[in-house]
$ cat query.csv   # CSV, C-alpha atoms
chain,number,residue,atom,x,y,z
A,1,MET,CA,24.2,2.2,-14.3
A,2,THR,CA,24.6,-1.5,-15.1
A,3,GLY,CA,21.7,-3.9,-15.3
A,4,SER,CA,23.0,-5.9,-12.3
A,5,ARG,CA,23.3,-2.8,-10.1
A,6,ARG,CA,19.7,-1.7,-11.1
A,7,GLY,CA,18.6,-5.2,-10.1
A,8,ILE,CA,20.3,-5.1,-6.7
A,9,ILE,CA,18.9,-1.6,-5.9
A,10,PHE,CA,15.4,-2.8,-6.9
A,11,ALA,CA,15.7,-5.9,-4.7
A,12,LEU,CA,16.7,-3.7,-1.8
A,13,LEU,CA,13.7,-1.5,-2.5
A,14,MET,CA,11.4,-4.6,-2.4
A,15,LEU,CA,13.0,-5.7,0.9
A,16,CYS,CA,12.3,-2.2,2.4
A,17,ALA,CA,8.7,-2.3,1.1
A,18,VAL,CA,8.2,-5.7,2.6
A,19,LEU,CA,9.6,-4.6,5.9
A,20,SER,CA,7.2,-1.6,6.0
A,21,LEU,CA,4.2,-3.9,5.5
A,22,ALA,CA,5.5,-6.6,7.8
A,23,GLY,CA,5.4,-4.0,10.6
A,24,THR,CA,1.6,-4.6,10.5
A,25,ASP,CA,1.0,-8.1,9.0
A,26,LEU,CA,3.8,-10.0,10.7
A,27,ILE,CA,2.8,-8.5,14.1
A,28,LEU,CA,-0.9,-9.1,13.6
A,29,PRO,CA,-1.1,-12.6,15.1
A,30,ALA,CA,0.5,-11.5,18.3
A,31,VAL,CA,-2.0,-8.7,19.0
A,32,PRO,CA,-4.8,-11.0,20.5
A,33,ALA,CA,-2.2,-12.2,23.1
A,34,LEU,CA,-1.2,-8.7,24.3
A,35,PRO,CA,-4.1,-8.1,26.7
A,36,ALA,CA,-3.1,-11.1,28.8
A,37,ILE,CA,0.7,-10.3,28.5
A,38,PHE,CA,0.3,-6.7,29.6
A,39,THR,CA,-2.8,-7.0,31.7
A,40,THR,CA,-4.9,-4.7,29.5
A,41,ASN,CA,-8.0,-4.8,27.4
A,42,GLU,CA,-8.6,-5.6,23.7
A,43,ALA,CA,-9.3,-2.0,22.7
A,44,THR,CA,-6.0,-0.8,24.1
A,45,ALA,CA,-4.2,-3.7,22.4
A,46,GLN,CA,-5.6,-2.6,19.1
A,47,LEU,CA,-3.8,0.7,19.5
A,48,VAL,CA,-0.6,-1.2,18.8
A,49,LEU,CA,-1.8,-1.4,15.2
A,50,ALA,CA,-3.4,2.0,15.0
A,51,SER,CA,-0.3,3.8,16.3
A,52,TYR,CA,1.8,2.2,13.6
A,53,VAL,CA,-0.5,3.4,10.9
A,54,ALA,CA,-0.6,6.9,12.4
A,55,GLY,CA,3.2,6.9,12.5
A,56,THR,CA,3.3,5.9,8.9
A,57,ALA,CA,1.1,8.7,7.9
A,58,VAL,CA,3.3,11.2,9.7
A,59,GLY,CA,6.4,9.7,8.3
A,60,LEU,CA,5.1,10.0,4.7
A,61,LEU,CA,4.8,13.7,5.0
A,62,LEU,CA,8.1,14.0,7.0
A,63,PHE,CA,10.3,12.1,4.5
A,64,GLY,CA,8.7,13.9,1.6
A,65,THR,CA,9.9,17.2,3.1
A,66,LEU,CA,13.3,16.0,4.2
A,67,ALA,CA,14.1,14.8,0.7
A,68,ASP,CA,14.9,18.4,-0.3
A,69,HIS,CA,17.5,18.8,2.5
A,70,VAL,CA,19.2,15.4,3.2
A,71,ALA,CA,20.9,12.9,0.9
A,72,LEU,CA,18.8,10.0,-0.2
A,73,ARG,CA,21.1,7.3,1.1
A,74,THR,CA,21.4,9.0,4.5
A,75,LEU,CA,17.6,9.2,4.8
A,76,VAL,CA,16.9,5.6,3.9
A,77,VAL,CA,19.7,4.2,6.0
A,78,SER,CA,18.8,6.3,8.9
A,79,SER,CA,15.1,5.3,8.6
A,80,LEU,CA,16.1,1.6,8.6
A,81,VAL,CA,18.3,2.0,11.6
A,82,VAL,CA,15.6,3.8,13.6
A,83,PHE,CA,13.1,1.1,12.4
A,84,ALA,CA,15.4,-1.6,13.6
A,85,ILE,CA,16.1,0.0,17.0
A,86,ALA,CA,12.4,0.7,17.5
A,87,SER,CA,11.6,-2.9,16.6
A,88,VAL,CA,14.0,-4.3,19.2
A,89,ALA,CA,12.8,-1.8,21.7
A,90,CYS,CA,9.2,-3.0,21.1
A,91,ALA,CA,10.3,-6.5,22.0
A,92,LEU,CA,11.6,-5.2,25.3
A,93,SER,CA,8.6,-3.1,26.2
A,94,PRO,CA,7.7,-3.3,29.9
A,95,ASP,CA,4.1,-2.2,29.4
A,96,ILE,CA,1.5,-1.7,26.7
A,97,TRP,CA,1.7,2.1,26.5
A,98,THR,CA,5.5,2.0,25.9
A,99,LEU,CA,4.8,-0.5,23.2
A,100,ILE,CA,2.2,1.8,21.6
A,101,VAL,CA,4.6,4.8,21.6
A,102,LEU,CA,7.4,2.7,20.1
A,103,ARG,CA,5.1,1.5,17.4
A,104,PHE,CA,4.4,5.1,16.4
A,105,VAL,CA,8.2,5.6,16.1
A,106,GLN,CA,8.5,2.3,14.2
A,107,GLY,CA,5.6,3.3,11.8
A,108,THR,CA,7.2,6.7,11.2
A,109,ALA,CA,10.5,5.1,10.2
A,110,SER,CA,8.7,2.6,8.0
A,111,ALA,CA,7.4,5.4,5.6
A,112,ALA,CA,10.7,5.9,3.8
A,113,ALA,CA,10.2,2.9,1.5
A,114,PRO,CA,6.8,4.1,0.0
A,115,VAL,CA,8.1,7.6,-0.2
A,116,PHE,CA,11.4,7.0,-2.0
A,117,GLY,CA,10.8,3.6,-3.7
A,118,PRO,CA,8.7,4.7,-6.7
A,119,ALA,CA,10.9,7.8,-7.3
A,120,ILE,CA,14.1,5.7,-7.3
A,121,ILE,CA,12.4,3.2,-9.8
A,122,ARG,CA,11.6,6.2,-12.1
A,123,GLN,CA,15.3,7.2,-11.9
A,124,ILE,CA,16.9,3.9,-12.7
A,125,PHE,CA,14.4,2.4,-15.2
A,126,SER,CA,12.9,3.6,-18.5
A,127,GLU,CA,9.1,4.3,-18.4
A,128,LYS,CA,8.2,0.8,-19.8
A,129,ALA,CA,10.6,-1.0,-17.4
A,130,GLY,CA,9.6,1.3,-14.6
A,131,VAL,CA,5.9,0.3,-15.0
A,132,ARG,CA,6.9,-3.3,-15.0
A,133,ALA,CA,9.0,-2.8,-11.8
A,134,ILE,CA,6.2,-1.1,-10.0
A,135,GLY,CA,3.9,-3.9,-11.1
A,136,LEU,CA,6.4,-6.5,-9.7
A,137,LEU,CA,6.7,-4.5,-6.5
A,138,GLY,CA,2.9,-4.4,-6.2
A,139,SER,CA,2.8,-8.1,-6.7
A,140,VAL,CA,5.3,-8.8,-4.0
A,141,GLU,CA,3.5,-6.4,-1.7
A,142,SER,CA,0.1,-8.1,-2.4
A,143,LEU,CA,1.5,-11.4,-1.1
A,144,VAL,CA,2.8,-9.9,2.2
A,145,PRO,CA,-0.7,-9.6,3.9
A,146,GLY,CA,-1.3,-13.3,3.1
A,147,LEU,CA,2.1,-14.8,3.9
A,148,ALA,CA,3.4,-12.6,6.8
A,149,PRO,CA,0.6,-13.5,9.3
A,150,ILE,CA,1.3,-17.2,8.7
A,151,LEU,CA,5.0,-16.6,9.6
A,152,GLY,CA,3.8,-14.5,12.5
A,153,VAL,CA,1.7,-17.4,13.8
A,154,LEU,CA,4.7,-19.8,13.6
A,155,LEU,CA,7.0,-17.3,15.4
A,156,LEU,CA,4.4,-16.6,18.1
A,157,ALA,CA,3.9,-20.3,18.8
A,158,ARG,CA,7.6,-21.2,18.8
A,159,TYR,CA,9.4,-18.2,20.1
A,160,GLY,CA,6.9,-15.8,21.7
A,161,TRP,CA,5.4,-12.5,20.7
A,162,GLN,CA,8.7,-10.6,20.8
A,163,SER,CA,10.2,-12.7,18.0
A,164,SER,CA,8.3,-10.9,15.2
A,165,PHE,CA,9.7,-7.6,16.3
A,166,GLU,CA,13.2,-9.0,16.7
A,167,LEU,CA,13.0,-10.5,13.2
A,168,VAL,CA,12.1,-7.3,11.4
A,169,GLY,CA,14.7,-5.5,13.5
A,170,VAL,CA,17.5,-7.8,12.3
A,171,VAL,CA,16.4,-7.7,8.7
A,172,ALA,CA,16.2,-3.9,8.8
A,173,MET,CA,19.8,-3.6,10.1
A,174,VAL,CA,21.0,-5.9,7.3
A,175,ALA,CA,19.1,-3.8,4.7
A,176,ALA,CA,20.6,-0.6,6.1
A,177,ALA,CA,24.1,-2.1,5.9
A,178,LEU,CA,23.7,-3.1,2.3
A,179,ILE,CA,22.3,0.3,1.2
A,180,LEU,CA,25.1,2.0,3.1
A,181,VAL,CA,27.7,0.0,1.2
A,182,LEU,CA,26.0,-0.1,-2.2
A,183,GLY,CA,24.5,3.4,-2.2
A,184,LEU,CA,21.4,4.8,-4.0
A,185,PRO,CA,20.9,7.2,-6.9
A,186,GLN,CA,20.6,10.8,-5.6
A,187,GLN,CA,17.1,12.2,-5.4
A,188,PRO,CA,16.8,15.2,-7.8
A,189,LYS,CA,16.2,18.5,-5.9
A,190,ALA,CA,12.9,20.2,-6.3
A,191,VAL,CA,13.3,23.9,-7.2
A,192,GLY,CA,11.3,27.0,-6.5
A,193,ALA,CA,7.6,26.7,-5.9
A,194,GLN,CA,7.6,23.0,-7.1
A,195,GLY,CA,9.2,21.9,-3.8
A,196,SER,CA,6.1,22.0,-1.7
A,197,TYR,CA,3.0,19.9,-1.0
A,198,ARG,CA,0.9,22.9,-1.9
A,199,ALA,CA,2.2,23.0,-5.5
A,200,LEU,CA,1.2,19.3,-5.9
A,201,LEU,CA,-2.2,19.8,-4.4
A,202,LEU,CA,-2.8,22.6,-6.9
A,203,ASN,CA,-1.6,20.6,-9.8
A,204,PRO,CA,-4.7,19.1,-11.4
A,205,VAL,CA,-2.7,16.6,-13.5
A,206,PHE,CA,-0.9,15.2,-10.5
A,207,MET,CA,-4.2,15.1,-8.5
A,208,ARG,CA,-5.9,13.2,-11.3
A,209,TYR,CA,-3.5,10.3,-10.9
A,210,ALA,CA,-2.9,10.5,-7.2
A,211,LEU,CA,-6.6,10.6,-6.1
A,212,SER,CA,-7.9,8.1,-8.6
A,213,GLN,CA,-5.1,5.8,-7.6
A,214,ALA,CA,-5.9,6.2,-4.0
A,215,MET,CA,-9.7,5.7,-4.5
A,216,THR,CA,-9.3,2.6,-6.7
A,217,LEU,CA,-7.1,0.9,-4.1
A,218,ALA,CA,-9.1,2.2,-1.1
A,219,GLY,CA,-12.3,0.9,-2.6
A,220,LEU,CA,-10.8,-2.5,-2.9
A,221,VAL,CA,-9.3,-2.5,0.6
A,222,VAL,CA,-12.6,-1.2,2.2
A,223,PHE,CA,-14.4,-4.1,0.7
A,224,VAL,CA,-11.7,-6.5,2.0
A,225,PHE,CA,-11.8,-5.0,5.5
A,226,GLY,CA,-15.6,-5.4,5.7
A,227,ALA,CA,-16.0,-8.8,3.8
A,228,PRO,CA,-15.2,-11.1,6.8
A,229,ALA,CA,-18.0,-9.6,8.9
A,230,VAL,CA,-20.4,-9.6,6.0
A,231,ILE,CA,-19.6,-13.2,4.9
A,232,VAL,CA,-19.8,-14.7,8.4
A,233,GLY,CA,-22.4,-12.4,10.0
A,234,THR,CA,-25.0,-11.8,7.2
A,235,MET,CA,-24.3,-14.4,4.4
A,236,GLY,CA,-24.0,-17.5,6.5
A,237,GLY,CA,-20.5,-18.2,5.1
A,238,SER,CA,-17.2,-18.9,6.7
A,239,LEU,CA,-13.7,-17.5,6.7
A,240,ASP,CA,-12.8,-20.1,4.2
A,241,HIS,CA,-15.0,-18.3,1.7
A,242,PHE,CA,-13.2,-15.0,2.5
A,243,ILE,CA,-9.8,-16.7,2.0
A,244,ALA,CA,-10.9,-18.1,-1.3
A,245,MET,CA,-12.0,-14.6,-2.4
A,246,GLN,CA,-8.7,-13.1,-1.3
A,247,VAL,CA,-6.6,-15.8,-3.1
A,248,CYS,CA,-8.5,-15.3,-6.4
A,249,GLY,CA,-8.2,-11.6,-6.0
A,250,VAL,CA,-4.4,-11.6,-5.3
A,251,LEU,CA,-3.7,-13.9,-8.2
A,252,GLY,CA,-5.8,-11.7,-10.6
A,253,PHE,CA,-4.0,-8.6,-9.4
A,254,ILE,CA,-0.5,-10.2,-9.9
A,255,VAL,CA,-1.3,-11.4,-13.4
A,256,ALA,CA,-2.8,-8.1,-14.5
A,257,ALA,CA,0.0,-6.0,-12.8
A,258,ASN,CA,2.7,-7.9,-14.7
A,259,LEU,CA,0.9,-7.6,-18.1
A,260,THR,CA,-0.2,-4.0,-17.9
A,261,SER,CA,2.9,-2.5,-19.5
A,262,ARG,CA,2.5,-4.7,-22.5
A,263,PHE,CA,-1.2,-3.6,-22.8
A,264,ALA,CA,-0.2,0.0,-22.4
A,265,GLU,CA,2.3,-0.3,-25.2
A,266,ARG,CA,-0.3,-1.7,-27.5
A,267,TRP,CA,-3.4,0.3,-26.6
A,268,GLY,CA,-2.0,3.4,-24.8
A,269,THR,CA,-1.5,4.2,-21.1
A,270,GLU,CA,-4.5,6.4,-20.6
A,271,ARG,CA,-6.9,3.9,-22.1
A,272,ILE,CA,-5.6,1.1,-19.9
A,273,ILE,CA,-5.8,3.3,-16.8
A,274,LEU,CA,-9.4,4.1,-17.6
A,275,VAL,CA,-10.3,0.5,-18.5
A,276,GLY,CA,-8.8,-0.8,-15.2
A,277,THR,CA,-10.6,1.9,-13.1
A,278,ALA,CA,-13.9,1.2,-14.9
A,279,MET,CA,-13.5,-2.5,-14.4
A,280,ALA,CA,-13.1,-2.0,-10.6
A,281,LEU,CA,-16.3,0.1,-10.7
A,282,ALA,CA,-18.1,-2.6,-12.7
A,283,SER,CA,-17.1,-5.2,-10.2
A,284,ALA,CA,-18.6,-3.1,-7.3
A,285,VAL,CA,-21.8,-2.5,-9.3
A,286,MET,CA,-22.1,-6.3,-9.9
A,287,ILE,CA,-21.7,-7.0,-6.2
A,288,VAL,CA,-24.5,-4.4,-5.3
A,289,ALA,CA,-26.8,-5.7,-8.1
A,290,TYR,CA,-26.3,-9.3,-6.9
A,291,ALA,CA,-27.1,-8.4,-3.3
A,292,LEU,CA,-30.1,-6.3,-4.2
A,293,ALA,CA,-31.4,-9.2,-6.4
A,294,GLY,CA,-31.4,-11.3,-3.2
A,295,GLY,CA,-28.1,-13.1,-3.8
A,296,ASN,CA,-26.6,-14.4,-0.5
A,297,ASP,CA,-24.2,-17.1,-1.6
A,298,SER,CA,-20.7,-16.2,-0.4
A,299,THR,CA,-19.1,-18.9,-2.7
A,300,LEU,CA,-19.8,-16.5,-5.6
A,301,LEU,CA,-17.9,-13.6,-4.2
A,302,PRO,CA,-14.5,-14.6,-5.7
A,303,ALA,CA,-16.0,-14.3,-9.2
A,304,LEU,CA,-17.7,-11.0,-8.4
A,305,PHE,CA,-14.6,-9.6,-6.6
A,306,LEU,CA,-12.0,-10.8,-9.2
A,307,PRO,CA,-12.6,-7.9,-11.8
A,308,MET,CA,-11.9,-5.3,-9.0
A,309,ASN,CA,-8.5,-6.9,-8.5
A,310,VAL,CA,-7.7,-7.2,-12.2
A,311,GLY,CA,-8.8,-3.6,-12.7
A,312,LEU,CA,-6.4,-2.4,-9.9
A,313,GLY,CA,-3.6,-4.6,-11.4
A,314,LEU,CA,-4.2,-3.0,-14.8
A,315,ARG,CA,-4.3,0.7,-13.7
A,316,GLY,CA,-2.2,0.5,-10.5
A,317,PRO,CA,1.4,0.4,-11.8
A,318,LEU,CA,0.6,2.8,-14.7
A,319,GLY,CA,-1.4,5.3,-12.5
A,320,PHE,CA,1.3,5.3,-9.8
A,321,TYR,CA,4.1,5.8,-12.3
A,322,ARG,CA,2.2,8.6,-14.0
A,323,GLY,CA,1.6,10.3,-10.7
A,324,ILE,CA,5.3,10.3,-9.9
A,325,VAL,CA,6.1,11.7,-13.4
A,326,ALA,CA,3.4,14.4,-13.0
A,327,SER,CA,5.1,15.5,-9.7
A,328,GLY,CA,8.2,16.4,-11.7
A,329,PRO,CA,11.3,17.0,-9.5
A,330,ASN,CA,9.0,17.0,-6.5
A,331,SER,CA,8.8,13.2,-6.8
A,332,ALA,CA,9.5,12.3,-3.1
A,333,ARG,CA,6.5,14.5,-2.0
A,334,GLY,CA,4.5,13.1,-4.9
A,335,SER,CA,5.1,9.5,-3.6
A,336,ALA,CA,4.3,10.6,-0.1
A,337,LEU,CA,1.0,12.3,-1.0
A,338,ILE,CA,-0.2,9.3,-3.1
A,339,VAL,CA,0.4,6.9,-0.3
A,340,PHE,CA,-1.0,9.4,2.2
A,341,PHE,CA,-4.2,9.7,0.1
A,342,ILE,CA,-4.5,5.9,0.0
A,343,LEU,CA,-4.3,5.7,3.8
A,344,ALA,CA,-6.7,8.6,4.2
A,345,MET,CA,-9.3,7.3,1.7
A,346,THR,CA,-9.1,3.8,3.2
A,347,SER,CA,-9.7,5.1,6.7
A,348,LEU,CA,-12.5,7.3,5.6
A,349,GLY,CA,-14.2,4.5,3.6
A,350,THR,CA,-13.8,2.1,6.5
A,351,LEU,CA,-15.4,4.6,8.9
A,352,VAL,CA,-18.4,5.1,6.5
A,353,ALA,CA,-18.9,1.3,5.9
A,354,ALA,CA,-18.4,0.1,9.5
A,355,PRO,CA,-21.8,1.1,10.9
A,356,LEU,CA,-23.6,-0.3,7.8
A,357,ILE,CA,-22.0,-3.7,7.6
A,358,ASN,CA,-24.7,-5.5,9.7
A,359,GLN,CA,-27.2,-4.6,6.9
A,360,GLY,CA,-25.5,-7.0,4.6
A,361,LEU,CA,-23.5,-7.2,1.4
A,362,TRP,CA,-25.4,-4.5,-0.5
A,363,THR,CA,-24.3,-1.7,1.9
A,364,LEU,CA,-20.6,-2.7,1.8
A,365,GLY,CA,-20.9,-3.0,-1.9
A,366,ALA,CA,-22.6,0.4,-2.2
A,367,VAL,CA,-19.8,2.2,-0.2
A,368,THR,CA,-17.2,0.5,-2.4
A,369,CYS,CA,-19.2,1.4,-5.5
A,370,GLY,CA,-19.3,5.0,-4.5
A,371,ILE,CA,-15.5,5.2,-4.0
A,372,HIS,CA,-14.8,3.6,-7.4
A,373,ALA,CA,-17.3,5.9,-9.0
A,374,LEU,CA,-15.4,8.9,-7.7
A,375,SER,CA,-12.2,7.4,-9.1
A,376,VAL,CA,-13.7,7.2,-12.6
A,377,GLY,CA,-15.1,10.7,-12.3
A,378,LEU,CA,-11.7,12.1,-11.5
A,379,LEU,CA,-10.2,10.5,-14.6
A,380,VAL,CA,-13.0,12.0,-16.7
A,381,LEU,CA,-13.0,15.5,-15.2
A,382,LEU,CA,-9.3,16.3,-14.5
A,383,PRO,CA,-6.7,16.9,-17.2
A,384,LYS,CA,-4.5,14.0,-18.2
A,385,MET,CA,-0.8,13.8,-19.0
A,386,PRO,CA,-0.1,13.9,-22.8
A,387,GLU,CA,1.0,10.6,-24.3
A,388,PRO,CA,4.7,10.5,-25.2
A,389,LYS,CA,5.2,10.7,-28.9
$ encode --input "query.csv" --output "structure tokens"
Amino acid sequence: MTGSRRGIIFALLMLCAVLSLAGTDLILPAVPALPAIFTTNEATAQLVLASYVAGTAVGLLLFGTLADHVALRTLVVSSLVVFAIASVACALSPDIWTLIVLRFVQGTASAAAPVFGPAIIRQIFSEKAGVRAIGLLGSVESLVPGLAPILGVLLLARYGWQSSFELVGVVAMVAAALILVLGLPQQPKAVGAQGSYRALLLNPVFMRYALSQAMTLAGLVVFVFGAPAVIVGTMGGSLDHFIAMQVCGVLGFIVAANLTSRFAERWGTERIILVGTAMALASAVMIVAYALAGGNDSTLLPALFLPMNVGLGLRGPLGFYRGIVASGPNSARGSALIVFFILAMTSLGTLVAAPLINQGLWTLGAVTCGIHALSVGLLVLLPKMPEPK
């Protein structure tokens, strides 16, 4: 495969990944307007977000299974077409419950990108280039939550709440047409007992990378989800402080994610994975220590939170890539399980942290610290993949 063709395929994978995230982040600004539009309450309107996430979780497992039976290009193109149709249908929804059901369908279709993207990257790039590609993909994905809502606000103000759905629908159809014409590398078939989720769940090497990856990312996201309430409600800060924390964190992640392959080449993949995971834990420990010492200045949070992002940037591309390699020919299911674990750990951590947030920074930090400690423990206890010679 030529370098230009690899670049085109990778660009299409990034576009599909951005679409998957935009299904939440681009739509987010329109959600507060939905109760008035559909004559409903705020709690019901929030189900528009929850149903998309639930659909994504179902889609992860569904596409991981279908990969053994349906051609990769057919699956990806079909998922994009369904995503596009569901998006346009959302814009035409006559009531809130129709919109909620369609959002579930849209979320299910959106799961193809996280399932097949990493596996395709492994096929078309060498290990070193693959880690860099996943790092670049993660960098682009990290920008979406910050930039997509801004575009969503502009679309909402100028064209109405339907415009965000219409935009992702049109972009999805364009992506589907491009992939249909250009094609994708064929997914290797899993054979025998390897072609099952059970085989992966019983594989300690795969679980080492999958669960530690999920917990490192989930720990960070749980802190981000709880930070606005803690900063404004208990620290006397403002959302400007939260934005500053996020900007510093995203920049730190992007720099680390794009340097990690060089560090791994020099010091070894396993060492960088462990260092990044330990750095994320150290950041959470510093946050808890600062809070327990009486610290309540939200302007210091960017400095305390930055190492958590750098740690994820260092270990994220390497850990995800190793998880895909550890899944062998069962890579579609491997990708699906890793992302499914991330969703599950984030949801569980958020549920644990939610009732404790009003007690201040130390409780949110403690939950985050516990998640990161489990991630480090998994790396220490479970067997690792041998370094290539």
$ atom_distance --input "query.csv" --atom1 "atom CA of Ile100 of chain A" --atom2 "atom CA of Leu137 of chain A"
29.1 Å
$ residues_around --input "query.csv" --residues "segment 216-218 of chain A" --least-positions-apart "4" --cutoff "12 Å" --atoms "all atoms listed in the file" --output "PDB file with C-alpha atoms, keeping the file's coordinate frame"
ATOM      1  CA  GLY A 138       2.900  -4.400  -6.200  1.00  0.00           C
ATOM      2  CA  SER A 142       0.100  -8.100  -2.400  1.00  0.00           C
ATOM      3  CA  TYR A 209      -3.500  10.300 -10.900  1.00  0.00           C
ATOM      4  CA  ALA A 210      -2.900  10.500  -7.200  1.00  0.00           C
ATOM      5  CA  LEU A 211      -6.600  10.600  -6.100  1.00  0.00           C
ATOM      6  CA  SER A 212      -7.900   8.100  -8.600  1.00  0.00           C
ATOM      7  CA  VAL A 222     -12.600  -1.200   2.200  1.00  0.00           C
ATOM      8  CA  PHE A 223     -14.400  -4.100   0.700  1.00  0.00           C
ATOM      9  CA  VAL A 224     -11.700  -6.500   2.000  1.00  0.00           C
ATOM     10  CA  PHE A 225     -11.800  -5.000   5.500  1.00  0.00           C
ATOM     11  CA  PHE A 253      -4.000  -8.600  -9.400  1.00  0.00           C
ATOM     12  CA  ILE A 273      -5.800   3.300 -16.800  1.00  0.00           C
ATOM     13  CA  LEU A 274      -9.400   4.100 -17.600  1.00  0.00           C
ATOM     14  CA  GLY A 276      -8.800  -0.800 -15.200  1.00  0.00           C
ATOM     15  CA  THR A 277     -10.600   1.900 -13.100  1.00  0.00           C
ATOM     16  CA  ALA A 278     -13.900   1.200 -14.900  1.00  0.00           C
ATOM     17  CA  MET A 279     -13.500  -2.500 -14.400  1.00  0.00           C
ATOM     18  CA  ALA A 280     -13.100  -2.000 -10.600  1.00  0.00           C
ATOM     19  CA  LEU A 281     -16.300   0.100 -10.700  1.00  0.00           C
ATOM     20  CA  ALA A 282     -18.100  -2.600 -12.700  1.00  0.00           C
ATOM     21  CA  SER A 283     -17.100  -5.200 -10.200  1.00  0.00           C
ATOM     22  CA  ALA A 284     -18.600  -3.100  -7.300  1.00  0.00           C
ATOM     23  CA  MET A 308     -11.900  -5.300  -9.000  1.00  0.00           C
ATOM     24  CA  ASN A 309      -8.500  -6.900  -8.500  1.00  0.00           C
ATOM     25  CA  VAL A 310      -7.700  -7.200 -12.200  1.00  0.00           C
ATOM     26  CA  GLY A 311      -8.800  -3.600 -12.700  1.00  0.00           C
ATOM     27  CA  LEU A 312      -6.400  -2.400  -9.900  1.00  0.00           C
ATOM     28  CA  GLY A 313      -3.600  -4.600 -11.400  1.00  0.00           C
ATOM     29  CA  LEU A 314      -4.200  -3.000 -14.800  1.00  0.00           C
ATOM     30  CA  ARG A 315      -4.300   0.700 -13.700  1.00  0.00           C
ATOM     31  CA  GLY A 316      -2.200   0.500 -10.500  1.00  0.00           C
ATOM     32  CA  PRO A 317       1.400   0.400 -11.800  1.00  0.00           C
ATOM     33  CA  GLY A 319      -1.400   5.300 -12.500  1.00  0.00           C
ATOM     34  CA  PHE A 320       1.300   5.300  -9.800  1.00  0.00           C
ATOM     35  CA  ILE A 338      -0.200   9.300  -3.100  1.00  0.00           C
ATOM     36  CA  VAL A 339       0.400   6.900  -0.300  1.00  0.00           C
ATOM     37  CA  PHE A 340      -1.000   9.400   2.200  1.00  0.00           C
ATOM     38  CA  PHE A 341      -4.200   9.700   0.100  1.00  0.00           C
ATOM     39  CA  ILE A 342      -4.500   5.900   0.000  1.00  0.00           C
ATOM     40  CA  LEU A 343      -4.300   5.700   3.800  1.00  0.00           C
ATOM     41  CA  ALA A 344      -6.700   8.600   4.200  1.00  0.00           C
ATOM     42  CA  MET A 345      -9.300   7.300   1.700  1.00  0.00           C
ATOM     43  CA  THR A 346      -9.100   3.800   3.200  1.00  0.00           C
ATOM     44  CA  SER A 347      -9.700   5.100   6.700  1.00  0.00           C
ATOM     45  CA  LEU A 348     -12.500   7.300   5.600  1.00  0.00           C
ATOM     46  CA  GLY A 349     -14.200   4.500   3.600  1.00  0.00           C
ATOM     47  CA  THR A 350     -13.800   2.100   6.500  1.00  0.00           C
ATOM     48  CA  VAL A 367     -19.800   2.200  -0.200  1.00  0.00           C
ATOM     49  CA  THR A 368     -17.200   0.500  -2.400  1.00  0.00           C
ATOM     50  CA  CYS A 369     -19.200   1.400  -5.500  1.00  0.00           C
ATOM     51  CA  GLY A 370     -19.300   5.000  -4.500  1.00  0.00           C
ATOM     52  CA  ILE A 371     -15.500   5.200  -4.000  1.00  0.00           C
ATOM     53  CA  HIS A 372     -14.800   3.600  -7.400  1.00  0.00           C
ATOM     54  CA  ALA A 373     -17.300   5.900  -9.000  1.00  0.00           C
ATOM     55  CA  LEU A 374     -15.400   8.900  -7.700  1.00  0.00           C
ATOM     56  CA  SER A 375     -12.200   7.400  -9.100  1.00  0.00           C
ATOM     57  CA  VAL A 376     -13.700   7.200 -12.600  1.00  0.00           C
ATOM     58  CA  GLY A 377     -15.100  10.700 -12.300  1.00  0.00           C
ATOM     59  CA  LEU A 378     -11.700  12.100 -11.500  1.00  0.00           C
ATOM     60  CA  LEU A 379     -10.200  10.500 -14.600  1.00  0.00           C
TER      61      LEU A 379
END
$ residues_around --input "query.csv" --residues "segment 323-326 of chain A" --least-positions-apart "5" --cutoff "10 Å" --atoms "only C-alpha atoms" --output "list in words"
Pro118, Ala119, Arg122, Glu127, Leu200, Asn203, Pro204, Val205, Phe206, Met207, Arg208, Tyr209, Ala210, Leu211, Ser212, Gln213, Pro317, Leu318, Ser331, Ala332, Arg333, Gly334, Ser335, Ala336, Leu337, Ile338, Lys384 and Met385 of chain A
$ closest_residue --input "query.csv" --among "A:Ala303, A:Val76, A:Val140, A:Val221" --to "Val255 of chain A" --atoms "only C-alpha atoms"
A:Val140
$ residues_around --input "query.csv" --residues "Leu301 of chain A" --least-positions-apart "5" --cutoff "12 Å" --atoms "all atoms listed in the file" --output "PyMOL selection string"
chain A and resi 223-224+227-228+230-231+235+237+240-249+283-284+286-288+290-291+295-296+306-308+361+365
$ atom_distance --input "query.csv" --atom1 "atom CA of Trp362 of chain A" --atom2 "atom CA of Leu220 of chain A"
14.9 Å
$ atom_distance --input "query.csv" --atom1 "atom CA of Val181 of chain A" --atom2 "atom CA of Val18 of chain A"
20.4 Å
$ residues_around --input "query.csv" --residues "Cys90 of chain A" --least-positions-apart "2" --cutoff "9 Å" --atoms "only C-alpha atoms" --output "mmCIF file with C-alpha atoms, in the coordinates of the input"
data_model
loop_
_atom_site.group_PDB
_atom_site.id
_atom_site.type_symbol
_atom_site.label_atom_id
_atom_site.label_comp_id
_atom_site.auth_asym_id
_atom_site.auth_seq_id
_atom_site.Cartn_x
_atom_site.Cartn_y
_atom_site.Cartn_z
ATOM 1 C CA ILE A 85 16.100 0.000 17.000
ATOM 2 C CA ALA A 86 12.400 0.700 17.500
ATOM 3 C CA SER A 87 11.600 -2.900 16.600
ATOM 4 C CA VAL A 88 14.000 -4.300 19.200
ATOM 5 C CA LEU A 92 11.600 -5.200 25.300
ATOM 6 C CA SER A 93 8.600 -3.100 26.200
ATOM 7 C CA PRO A 94 7.700 -3.300 29.900
ATOM 8 C CA THR A 98 5.500 2.000 25.900
ATOM 9 C CA LEU A 99 4.800 -0.500 23.200
ATOM 10 C CA ILE A 100 2.200 1.800 21.600
ATOM 11 C CA LEU A 102 7.400 2.700 20.100
ATOM 12 C CA ARG A 103 5.100 1.500 17.400
ATOM 13 C CA GLN A 106 8.500 2.300 14.200
ATOM 14 C CA GLN A 162 8.700 -10.600 20.800
ATOM 15 C CA PHE A 165 9.700 -7.600 16.300
ATOM 16 C CA GLU A 166 13.200 -9.000 16.700
#
